[in-house]
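The data block below is protein.cif; it holds mmCIF, C-alpha atoms and all ligand atoms.
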data_final
#
loop_
_atom_site.label_atom_id
_atom_site.label_comp_id
_atom_site.auth_asym_id
_atom_site.auth_seq_id
_atom_site.Cartn_x
_atom_site.Cartn_y
_atom_site.Cartn_z
CA MET A 99 6.37 -5.49 7.26
CA ARG A 100 5.46 -1.84 7.47
CA ALA A 101 1.85 -0.92 8.21
CA ARG A 102 0.16 0.65 5.18
CA ARG A 103 -3.46 0.95 6.32
CA SER A 104 -3.61 4.59 5.27
CA CYS A 105 -1.38 5.93 2.47
CA LEU A 106 -1.74 9.69 2.13
CA ALA A 107 -1.26 11.31 -1.29
CA VAL A 108 0.35 14.77 -1.11
CA PRO A 109 0.99 16.84 -4.27
CA GLY A 110 4.69 17.70 -4.39
CA SER A 111 3.85 21.07 -5.89
CA ASN A 112 1.99 22.28 -2.80
CA PRO A 113 4.26 23.32 0.13
CA ARG A 114 1.23 23.95 2.36
CA PHE A 115 -0.02 20.37 1.93
CA LEU A 116 3.53 19.04 2.42
CA GLU A 117 3.60 20.84 5.77
CA LYS A 118 0.09 19.81 6.83
CA ALA A 119 0.62 16.12 5.98
CA GLN A 120 3.22 15.82 8.73
CA GLY A 121 0.57 16.20 11.41
CA LEU A 122 -1.79 13.48 10.16
CA PRO A 123 -1.85 10.00 11.76
CA VAL A 124 -1.24 8.02 8.54
CA ASP A 125 0.93 4.92 8.19
CA GLU A 126 2.43 6.09 4.91
CA VAL A 127 2.75 9.43 3.21
CA PHE A 128 3.63 9.65 -0.46
CA LEU A 129 4.84 12.90 -1.93
CA ASP A 130 3.63 12.97 -5.50
CA LEU A 131 5.52 14.06 -8.59
CA GLU A 132 3.07 12.39 -11.00
CA ASP A 133 -0.57 13.08 -11.80
CA SER A 134 -1.34 15.59 -9.05
CA VAL A 135 1.48 17.82 -10.33
CA ALA A 136 1.07 19.85 -13.54
CA PRO A 137 3.74 19.37 -16.24
CA LEU A 138 4.98 22.92 -15.78
CA ALA A 139 5.37 22.41 -12.02
CA LYS A 140 7.31 19.12 -12.14
CA GLU A 141 10.78 20.58 -11.62
CA GLU A 142 9.77 22.80 -8.74
CA ALA A 143 7.94 19.85 -7.17
CA ARG A 144 11.14 17.79 -7.11
CA ALA A 145 12.88 20.51 -5.09
CA ASN A 146 9.88 20.84 -2.73
CA VAL A 147 9.83 17.09 -2.15
CA VAL A 148 13.56 16.90 -1.39
CA ALA A 149 13.25 19.80 1.06
CA ALA A 150 10.15 18.32 2.73
CA LEU A 151 11.86 14.94 3.20
CA ARG A 152 15.03 16.48 4.62
CA GLU A 153 13.47 19.13 6.81
CA GLY A 154 10.04 17.75 7.70
CA ASP A 155 9.10 15.67 10.74
CA TRP A 156 7.77 12.38 9.35
CA THR A 157 8.20 10.40 12.58
CA GLY A 158 6.11 7.24 12.59
CA LYS A 159 5.34 7.37 8.87
CA THR A 160 6.74 5.44 5.93
CA ARG A 161 8.17 8.11 3.60
CA VAL A 162 7.48 7.50 -0.09
CA VAL A 163 7.76 9.51 -3.31
CA ARG A 164 5.79 8.75 -6.47
CA VAL A 165 7.87 9.43 -9.57
CA ASN A 166 6.47 9.82 -13.08
CA ASP A 167 5.88 6.74 -15.22
CA LEU A 168 8.37 5.44 -17.73
CA THR A 169 6.56 6.68 -20.82
CA THR A 170 7.36 10.28 -19.79
CA GLN A 171 10.57 12.30 -20.05
CA TRP A 172 10.60 12.98 -16.29
CA THR A 173 11.23 9.63 -14.59
CA TYR A 174 15.03 9.43 -14.57
CA ARG A 175 15.46 12.96 -13.24
CA ASP A 176 12.76 12.39 -10.63
CA VAL A 177 14.67 9.39 -9.30
CA ILE A 178 18.12 10.98 -9.48
CA GLU A 179 17.15 14.30 -7.91
CA VAL A 180 15.03 12.81 -5.13
CA VAL A 181 17.35 9.97 -4.17
CA GLU A 182 20.59 11.95 -4.45
CA GLY A 183 18.99 14.81 -2.57
CA ALA A 184 17.13 12.91 0.14
CA GLY A 185 17.97 9.18 -0.14
CA PRO A 186 18.57 8.62 3.59
CA TYR A 187 15.21 10.31 4.37
CA LEU A 188 13.24 8.11 1.97
CA ASP A 189 11.84 4.59 2.45
CA CYS A 190 10.26 3.73 -0.92
CA LEU A 191 9.48 4.96 -4.41
CA ILE A 192 6.16 4.38 -6.13
CA LEU A 193 6.50 3.56 -9.82
CA PRO A 194 3.12 4.29 -11.46
CA LYS A 195 1.53 2.71 -14.56
CA VAL A 196 3.93 -0.25 -14.50
CA GLN A 197 3.41 -2.28 -17.67
CA ASP A 198 5.93 -5.10 -17.31
CA HIS A 199 8.75 -6.41 -15.14
CA THR A 200 11.52 -4.64 -17.11
CA GLN A 201 10.27 -1.28 -15.84
CA VAL A 202 10.75 -2.32 -12.21
CA ILE A 203 14.17 -3.75 -13.03
CA TRP A 204 15.11 -0.40 -14.60
CA LEU A 205 14.22 1.40 -11.37
CA ASP A 206 16.00 -1.19 -9.21
CA THR A 207 19.18 -0.80 -11.29
CA LEU A 208 19.07 3.00 -11.23
CA LEU A 209 18.53 3.00 -7.46
CA THR A 210 21.52 0.70 -6.96
CA GLN A 211 23.73 2.98 -9.03
CA ILE A 212 22.70 6.06 -7.09
CA GLU A 213 23.10 4.30 -3.74
CA ARG A 214 26.62 3.17 -4.69
CA ALA A 215 27.63 6.57 -6.05
CA MET A 216 26.33 8.36 -2.96
CA GLY A 217 27.62 5.84 -0.43
CA PHE A 218 24.08 4.98 0.73
CA GLU A 219 23.14 1.49 1.93
CA VAL A 220 22.47 -0.53 -1.22
CA GLY A 221 18.97 -2.02 -1.45
CA ARG A 222 17.39 -0.15 1.46
CA ILE A 223 14.97 1.91 -0.63
CA GLY A 224 11.92 -0.17 -1.56
CA ILE A 225 9.55 -0.01 -4.52
CA GLU A 226 5.76 -0.02 -4.76
CA ALA A 227 4.45 -0.89 -8.24
CA GLN A 228 1.17 0.69 -9.30
CA ILE A 229 -1.00 -1.50 -11.50
CA GLU A 230 -3.20 0.85 -13.50
CA ASN A 231 -3.65 -0.47 -16.99
CA ALA A 232 -4.60 -3.62 -18.84
CA ARG A 233 -1.03 -4.50 -19.75
CA GLY A 234 0.16 -4.13 -16.16
CA LEU A 235 -2.58 -6.44 -14.93
CA VAL A 236 -1.86 -9.06 -17.61
CA ASN A 237 1.83 -9.00 -16.55
CA VAL A 238 1.23 -8.64 -12.82
CA ASP A 239 2.82 -11.96 -11.77
CA ALA A 240 6.11 -11.16 -13.48
CA ILE A 241 5.99 -7.62 -12.09
CA ALA A 242 5.45 -8.94 -8.55
CA GLY A 243 8.51 -11.18 -8.84
CA SER A 244 10.79 -8.66 -10.55
CA SER A 245 12.83 -7.18 -7.67
CA PRO A 246 13.68 -7.84 -4.03
CA ARG A 247 13.01 -4.14 -3.45
CA LEU A 248 9.28 -4.58 -4.10
CA GLU A 249 7.14 -4.12 -1.01
CA ALA A 250 3.64 -3.62 -2.40
CA LEU A 251 1.39 -3.71 -5.45
CA VAL A 252 -1.02 -0.79 -5.61
CA PHE A 253 -4.27 -0.67 -7.59
CA GLY A 254 -4.77 2.61 -9.51
CA PRO A 255 -8.50 2.63 -10.25
CA ALA A 256 -8.75 5.95 -12.07
CA ASP A 257 -6.13 5.19 -14.70
CA PHE A 258 -7.25 1.58 -14.82
CA MET A 259 -10.86 2.44 -15.64
CA ALA A 260 -9.63 4.71 -18.42
CA SER A 261 -7.28 2.00 -19.71
CA ILE A 262 -10.02 -0.59 -20.12
CA ASN A 263 -12.69 1.90 -21.32
CA MET A 264 -14.91 1.26 -18.33
CA ARG A 265 -18.03 3.39 -18.78
CA THR A 266 -17.94 5.59 -15.71
CA LEU A 267 -16.41 8.79 -14.39
CA VAL A 268 -16.82 8.09 -10.68
CA VAL A 269 -13.64 6.54 -9.31
CA GLY A 270 -14.16 3.76 -6.82
CA GLU A 271 -17.88 3.20 -7.40
CA GLN A 272 -19.56 0.64 -9.67
CA PRO A 273 -20.04 1.74 -13.31
CA PRO A 274 -23.67 2.79 -13.91
CA GLY A 275 -25.61 -0.08 -15.50
CA TYR A 276 -23.50 -2.76 -13.83
CA THR A 277 -26.07 -4.01 -11.40
CA GLU A 278 -24.79 -7.47 -10.43
CA GLY A 279 -21.62 -8.14 -8.47
CA ASP A 280 -18.51 -5.99 -8.26
CA ALA A 281 -16.94 -4.70 -11.49
CA TYR A 282 -13.52 -4.54 -9.75
CA HIS A 283 -13.53 -8.02 -8.22
CA TYR A 284 -11.40 -9.69 -10.88
CA ILE A 285 -8.85 -6.86 -10.96
CA LEU A 286 -8.55 -6.71 -7.18
CA MET A 287 -8.21 -10.48 -6.80
CA ARG A 288 -5.67 -10.68 -9.61
CA ILE A 289 -3.51 -8.06 -7.88
CA LEU A 290 -3.98 -9.71 -4.48
CA MET A 291 -2.97 -13.16 -5.78
CA ALA A 292 0.18 -11.79 -7.43
CA ALA A 293 1.06 -9.85 -4.28
CA ARG A 294 0.53 -12.76 -1.91
CA SER A 295 2.38 -15.23 -4.09
CA HIS A 296 5.45 -12.99 -3.73
CA ASP A 297 4.90 -11.92 -0.09
CA LEU A 298 4.04 -8.36 -1.05
CA GLN A 299 1.40 -6.09 0.40
CA ALA A 300 -1.69 -5.23 -1.66
CA ILE A 301 -2.94 -1.64 -1.48
CA ASP A 302 -6.19 -0.25 -2.83
CA GLY A 303 -6.13 3.13 -4.60
CA PRO A 304 -8.05 6.36 -4.13
CA TYR A 305 -11.74 7.15 -3.61
CA LEU A 306 -12.27 10.51 -5.20
CA GLN A 307 -15.57 11.56 -3.58
CA ILE A 308 -13.60 13.01 -0.69
CA LYS A 309 -16.62 14.53 1.08
CA ASP A 310 -18.39 11.15 1.25
CA VAL A 311 -16.61 9.47 4.17
CA GLU A 312 -19.30 6.79 4.50
CA GLY A 313 -18.82 5.94 0.81
CA PHE A 314 -15.07 5.69 1.43
CA ARG A 315 -15.65 3.43 4.42
CA ARG A 316 -18.01 1.15 2.47
CA VAL A 317 -15.61 0.75 -0.46
CA ALA A 318 -12.58 0.32 1.83
CA ALA A 319 -14.39 -2.36 3.86
CA ARG A 320 -14.86 -4.43 0.71
CA THR A 321 -11.14 -4.53 -0.16
CA ALA A 322 -10.20 -5.00 3.50
CA ALA A 323 -12.50 -8.04 3.61
CA LEU A 324 -10.73 -9.54 0.58
CA GLY A 325 -7.39 -9.23 2.38
CA PHE A 326 -5.95 -5.94 1.11
CA ASP A 327 -3.59 -4.24 3.57
CA GLY A 328 -4.60 -0.61 3.11
CA LYS A 329 -5.90 2.15 0.90
CA TRP A 330 -4.91 5.56 -0.35
CA VAL A 331 -6.35 8.57 1.42
CA LEU A 332 -6.64 11.96 -0.25
CA HIS A 333 -8.12 14.01 2.56
CA PRO A 334 -7.76 14.16 6.37
CA ALA A 335 -11.41 13.05 6.71
CA GLN A 336 -10.56 9.66 5.16
CA VAL A 337 -7.62 8.91 7.50
CA ASP A 338 -9.40 7.60 10.60
CA ALA A 339 -11.75 5.50 8.46
CA ALA A 340 -8.82 3.85 6.65
CA ASN A 341 -6.90 3.13 9.86
CA GLU A 342 -10.01 1.64 11.42
CA VAL A 343 -11.21 -0.40 8.45
CA PHE A 344 -7.79 -1.97 7.79
CA SER A 345 -7.11 -2.85 11.46
CA PRO A 346 -8.67 -5.96 12.93
CA SER A 347 -11.31 -5.28 15.60
CA GLN A 348 -10.16 -5.62 19.22
CA GLU A 349 -12.34 -8.71 19.50
CA ASP A 350 -10.81 -10.39 16.41
CA TYR A 351 -7.31 -9.44 17.53
CA ASP A 352 -7.83 -10.91 21.02
CA HIS A 353 -9.31 -14.03 19.47
CA ALA A 354 -6.33 -14.44 17.13
CA GLU A 355 -3.80 -14.12 19.98
CA LEU A 356 -5.85 -16.63 21.99
CA ILE A 357 -5.79 -19.15 19.13
CA LEU A 358 -2.00 -18.76 18.81
CA ASP A 359 -1.44 -19.36 22.55
CA ALA A 360 -3.93 -22.22 22.71
CA TYR A 361 -2.51 -23.93 19.66
CA GLU A 362 1.02 -23.57 20.99
CA HIS A 363 -0.09 -25.18 24.27
CA TYR A 364 -2.02 -28.07 22.67
CA THR A 365 0.66 -28.94 20.11
CA ASN A 366 3.74 -28.54 22.30
CA VAL A 367 2.51 -29.47 25.78
CA GLU A 368 -0.25 -31.94 24.92
CA LYS A 369 1.19 -33.01 21.53
CA ARG A 370 -2.19 -32.70 19.77
CA GLY A 371 -2.62 -31.35 16.22
CA ALA A 372 -6.28 -30.41 16.64
CA ALA A 373 -7.93 -29.21 19.84
CA MET A 374 -10.96 -27.35 21.16
CA LEU A 375 -10.87 -23.68 22.09
CA GLY A 376 -14.27 -23.08 23.67
CA ASP A 377 -16.77 -24.30 21.07
CA GLU A 378 -14.33 -23.97 18.21
CA MET A 379 -12.03 -26.61 16.79
CA ILE A 380 -8.57 -25.29 15.95
CA ASP A 381 -5.76 -26.82 13.94
CA GLU A 382 -2.71 -25.74 11.95
CA ALA A 383 -4.83 -23.83 9.40
CA SER A 384 -6.49 -21.91 12.24
CA ARG A 385 -3.03 -20.95 13.47
CA LYS A 386 -2.11 -19.58 10.02
CA MET A 387 -5.29 -17.49 9.83
CA ALA A 388 -4.71 -16.25 13.38
CA LEU A 389 -1.13 -15.25 12.50
CA VAL A 390 -2.45 -12.92 9.78
CA VAL A 391 -4.94 -11.18 12.07
CA ALA A 392 -2.45 -11.02 14.96
CA ALA A 393 0.25 -9.50 12.72
CA LYS A 394 -2.14 -6.84 11.43
CA GLY A 395 -3.30 -6.08 14.99
CA ARG A 396 0.24 -5.76 16.33
CA ALA A 397 1.25 -3.56 13.39
CA ALA A 398 -1.79 -1.38 14.15
CA GLY A 399 -0.61 -1.02 17.77
CA LEU A 400 -3.45 -3.03 19.36
CA ARG A 401 -2.87 -4.54 22.82
CA ARG A 402 -4.47 -7.80 23.81
CA THR A 403 -7.06 -7.70 26.55
CA THR A 404 -7.38 -11.46 27.24
CA THR A 405 -5.00 -14.28 28.17
CA PHE A 406 -5.16 -18.01 27.53
CA THR A 407 -5.60 -20.39 30.42
CA PRO A 408 -5.62 -24.11 29.57
C1 LIG B 501 -4.20 6.43 -9.09
O1 LIG B 501 -3.10 6.76 -9.45
C2 LIG B 501 -5.24 6.08 -9.97
O2 LIG B 501 -5.02 6.19 -11.18
O3 LIG B 501 -6.32 5.69 -9.49
MG MG B 502 -2.98 6.82 -11.61
#
Render the structure in this file as structure tokens.
Ligand code: GLV
Ligand code: MG
Amino acid sequence: MRARRSCLAVPGSNPRFLEKAQGLPVDEVFLDLEDSVAPLAKEEARANVVAALREGDWTGKTRVVRVNDLTTQWTYRDVIEVVEGAGPYLDCLILPKVQDHTQVIWLDTLLTQIERAMGFEVGRIGIEAQIENARGLVNVDAIAGSSPRLEALVFGPADFMASINMRTLVVGEQPPGYTEGDAYHYILMRILMAARSHDLQAIDGPYLQIKDVEGFRRVAARTAALGFDGKWVLHPAQVDAANEVFSPSQEDYDHAELILDAYEHYTNVEKRGAAMLGDEMIDEASRKMALVVAAKGRAAGLRRTTTFTP
């Protein structure tokens, strides 16, 4: 699985941002053709995006393009121009405002046709489906199971709040007047369950108060605690916070690796299903939890600082 702790949004209509994004330490960069690009700039943005993918240095980053949603007249040309022009330099497409599984199947089919026609490897380009309206959330299980190309489900809070008439204009914060609990909990958990039941990643969307890095960190920490894999970043100031919040701490990572080694030793050498590691009892479920933390730590490039001795 690719790391997606930080997913940087870059408007495809802005060559300066396309250049600057290459120097930022993000796991994923997505070049946008959708809502950050004005209708009159869409065609030029496609050309910018193709050029940036082909000529830019995106080493170490997952390269993604967000096309326009299927209710617009732009989607098919977005896909054809970007994939024909830069297919081998592209890892994934984001399909926004997905409403049901047929929309993902449409994209999968179109990608396969382009890959065949161009002689590209068939099936290599993945899909991220953005869930950003009531219908998409109601259909999220079928969406999550709709294509082997799917790699992640992404929450789009701004469009989602508009779609359900939530009474707020501040994206990512609680709606004023909602004083108990978290107004996004159901939506986030629904997306997370659908993602996990199909082995997909779950990504949280943007936090628009870009000057408030502490606010970003607080909101990101909540979705990270639920199990989300990463979050969108809109500004360089949010990057380090996202990478940090969605990586396990060194202590948790070391602990996870220790559990894996200890459990391996106790089950295989001593043939015991449950054993003590210090003051803690570990069993098969502990191993599964440790695998998750260890995988996230390894993907984040952490190195263990302790070793297991029986
Ligand atoms: C992102 O696309 C959002 O709508 O929040
Ligand atoms: Mg949106």
Nearby polymer residues, ligand MG 502 (chain B), at most 10 Å, all atoms listed in the file, as a PyMOL selection string = chain A and resi 132-134+167+194-195+228-231+252-260+303-304
Only C-alpha atoms, please: the residues just picked out, written as a PDB file, in the coordinates of the input.
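Saved to result13.pdb:
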ATOM      1  CA  GLU A 132       3.070  12.390 -11.000  1.00  0.00           C
ATOM      2  CA  ASP A 133      -0.570  13.080 -11.800  1.00  0.00           C
ATOM      3  CA  SER A 134      -1.340  15.590  -9.050  1.00  0.00           C
ATOM      4  CA  ASP A 167       5.880   6.740 -15.220  1.00  0.00           C
ATOM      5  CA  PRO A 194       3.120   4.290 -11.460  1.00  0.00           C
ATOM      6  CA  LYS A 195       1.530   2.710 -14.560  1.00  0.00           C
ATOM      7  CA  GLN A 228       1.170   0.690  -9.300  1.00  0.00           C
ATOM      8  CA  ILE A 229      -1.000  -1.500 -11.500  1.00  0.00           C
ATOM      9  CA  GLU A 230      -3.200   0.850 -13.500  1.00  0.00           C
ATOM     10  CA  ASN A 231      -3.650  -0.470 -16.990  1.00  0.00           C
ATOM     11  CA  VAL A 252      -1.020  -0.790  -5.610  1.00  0.00           C
ATOM     12  CA  PHE A 253      -4.270  -0.670  -7.590  1.00  0.00           C
ATOM     13  CA  GLY A 254      -4.770   2.610  -9.510  1.00  0.00           C
ATOM     14  CA  PRO A 255      -8.500   2.630 -10.250  1.00  0.00           C
ATOM     15  CA  ALA A 256      -8.750   5.950 -12.070  1.00  0.00           C
ATOM     16  CA  ASP A 257      -6.130   5.190 -14.700  1.00  0.00           C
ATOM     17  CA  PHE A 258      -7.250   1.580 -14.820  1.00  0.00           C
ATOM     18  CA  MET A 259     -10.860   2.440 -15.640  1.00  0.00           C
ATOM     19  CA  ALA A 260      -9.630   4.710 -18.420  1.00  0.00           C
ATOM     20  CA  GLY A 303      -6.130   3.130  -4.600  1.00  0.00           C
ATOM     21  CA  PRO A 304      -8.050   6.360  -4.130  1.00  0.00           C
TER      22      PRO A 304
END
Using all atoms listed in the file, which residues sit within 12 Å of region 396-407 of chain A once same-chain residues fewer than 3 positions away are excluded, as a PyMOL selection string?
-> chain A and resi 99-104+123-125+158+327-328+340-364+375-376+388-393
From the list A:Leu208, A:Leu193, A:Val311, A:Ala335, which residue is nearest Ile178 (chain A) when using all atoms listed in the file?
->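 Ranked by minimum distance to Ile178 (chain A), first place goes to A:Leu208.
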Expressed in Å, the length from CA of Ile262 (chain A) to CA of Gly234 (chain A) is 11.5 Å
Which value, in Å to one decimal, gives the distance between CA of Ile225 (chain A) and CA of Leu248 (chain A)?
-> 4.6 Å
Put the listed atoms of region 124-127 of chain A in a box along x, y and z with 8 Å added on every side and give me the centre and edge lengths in Å to one decimal, as lines of an AutoDock Vina configuration file.
center_x = 0.8
center_y = 7.2
center_z = 5.9
size_x = 20.0
size_y = 20.5
size_z = 21.3
Compare A:Leu306, A:Leu235, A:Ala300, A:Ala139 by their minimum atom-to-atom distance to ligand LIG 501 (chain B), counting all atoms listed in the file, and give me the closest one.
->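 Selected residue with least distance to ligand LIG 501 (chain B): A:Leu306.
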d(CA of Gln299 (chain A), CA of Phe326 (chain A)) in Å =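 Separation between CA of Gln299 (chain A) and CA of Phe326 (chain A): 7.4 Å.
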Nearest candidate to Pro109 (chain A) (options A:His333, A:Tyr276, A:Ala227, A:Thr266; using all atoms listed in the file) =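 Of the candidates, the smallest distance to Pro109 (chain A) is held by A:His333.
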Rank nothing, just name the residue among A:Asp155, A:Asp176, A:Asp130, A:Glu382 nearest to ligand LIG 501 (chain B), using all atoms listed in the file.
-> A:Asp130
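Nearest residue to Arg175 (chain A), choosing from A:Glu312, A:Glu141, A:Glu213, A:Asp302 and counting only C-alpha atoms: A:Glu141.
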Determine the nearest neighbour of Glu271 (chain A) from the options A:Ala318, A:Ile289, A:Val238, A:Ala372, counting only C-alpha atoms.
-> A:Ala318
Close residues, Val163 (chain A) itself excluded, 9 Å, all atoms listed in the file, min 5 positions apart in chain, as a PDB file with C-alpha atoms, keeping the file's coordinate frame:
ATOM      1  CA  GLY A 110       4.690  17.700  -4.390  1.00  0.00           C
ATOM      2  CA  VAL A 127       2.750   9.430   3.210  1.00  0.00           C
ATOM      3  CA  PHE A 128       3.630   9.650  -0.460  1.00  0.00           C
ATOM      4  CA  LEU A 129       4.840  12.900  -1.930  1.00  0.00           C
ATOM      5  CA  ASP A 130       3.630  12.970  -5.500  1.00  0.00           C
ATOM      6  CA  LEU A 131       5.520  14.060  -8.590  1.00  0.00           C
ATOM      7  CA  VAL A 147       9.830  17.090  -2.150  1.00  0.00           C
ATOM      8  CA  VAL A 180      15.030  12.810  -5.130  1.00  0.00           C
ATOM      9  CA  LEU A 188      13.240   8.110   1.970  1.00  0.00           C
ATOM     10  CA  ASP A 189      11.840   4.590   2.450  1.00  0.00           C
ATOM     11  CA  CYS A 190      10.260   3.730  -0.920  1.00  0.00           C
ATOM     12  CA  LEU A 191       9.480   4.960  -4.410  1.00  0.00           C
ATOM     13  CA  ILE A 192       6.160   4.380  -6.130  1.00  0.00           C
ATOM     14  CA  LEU A 193       6.500   3.560  -9.820  1.00  0.00           C
TER      15      LEU A 193
END
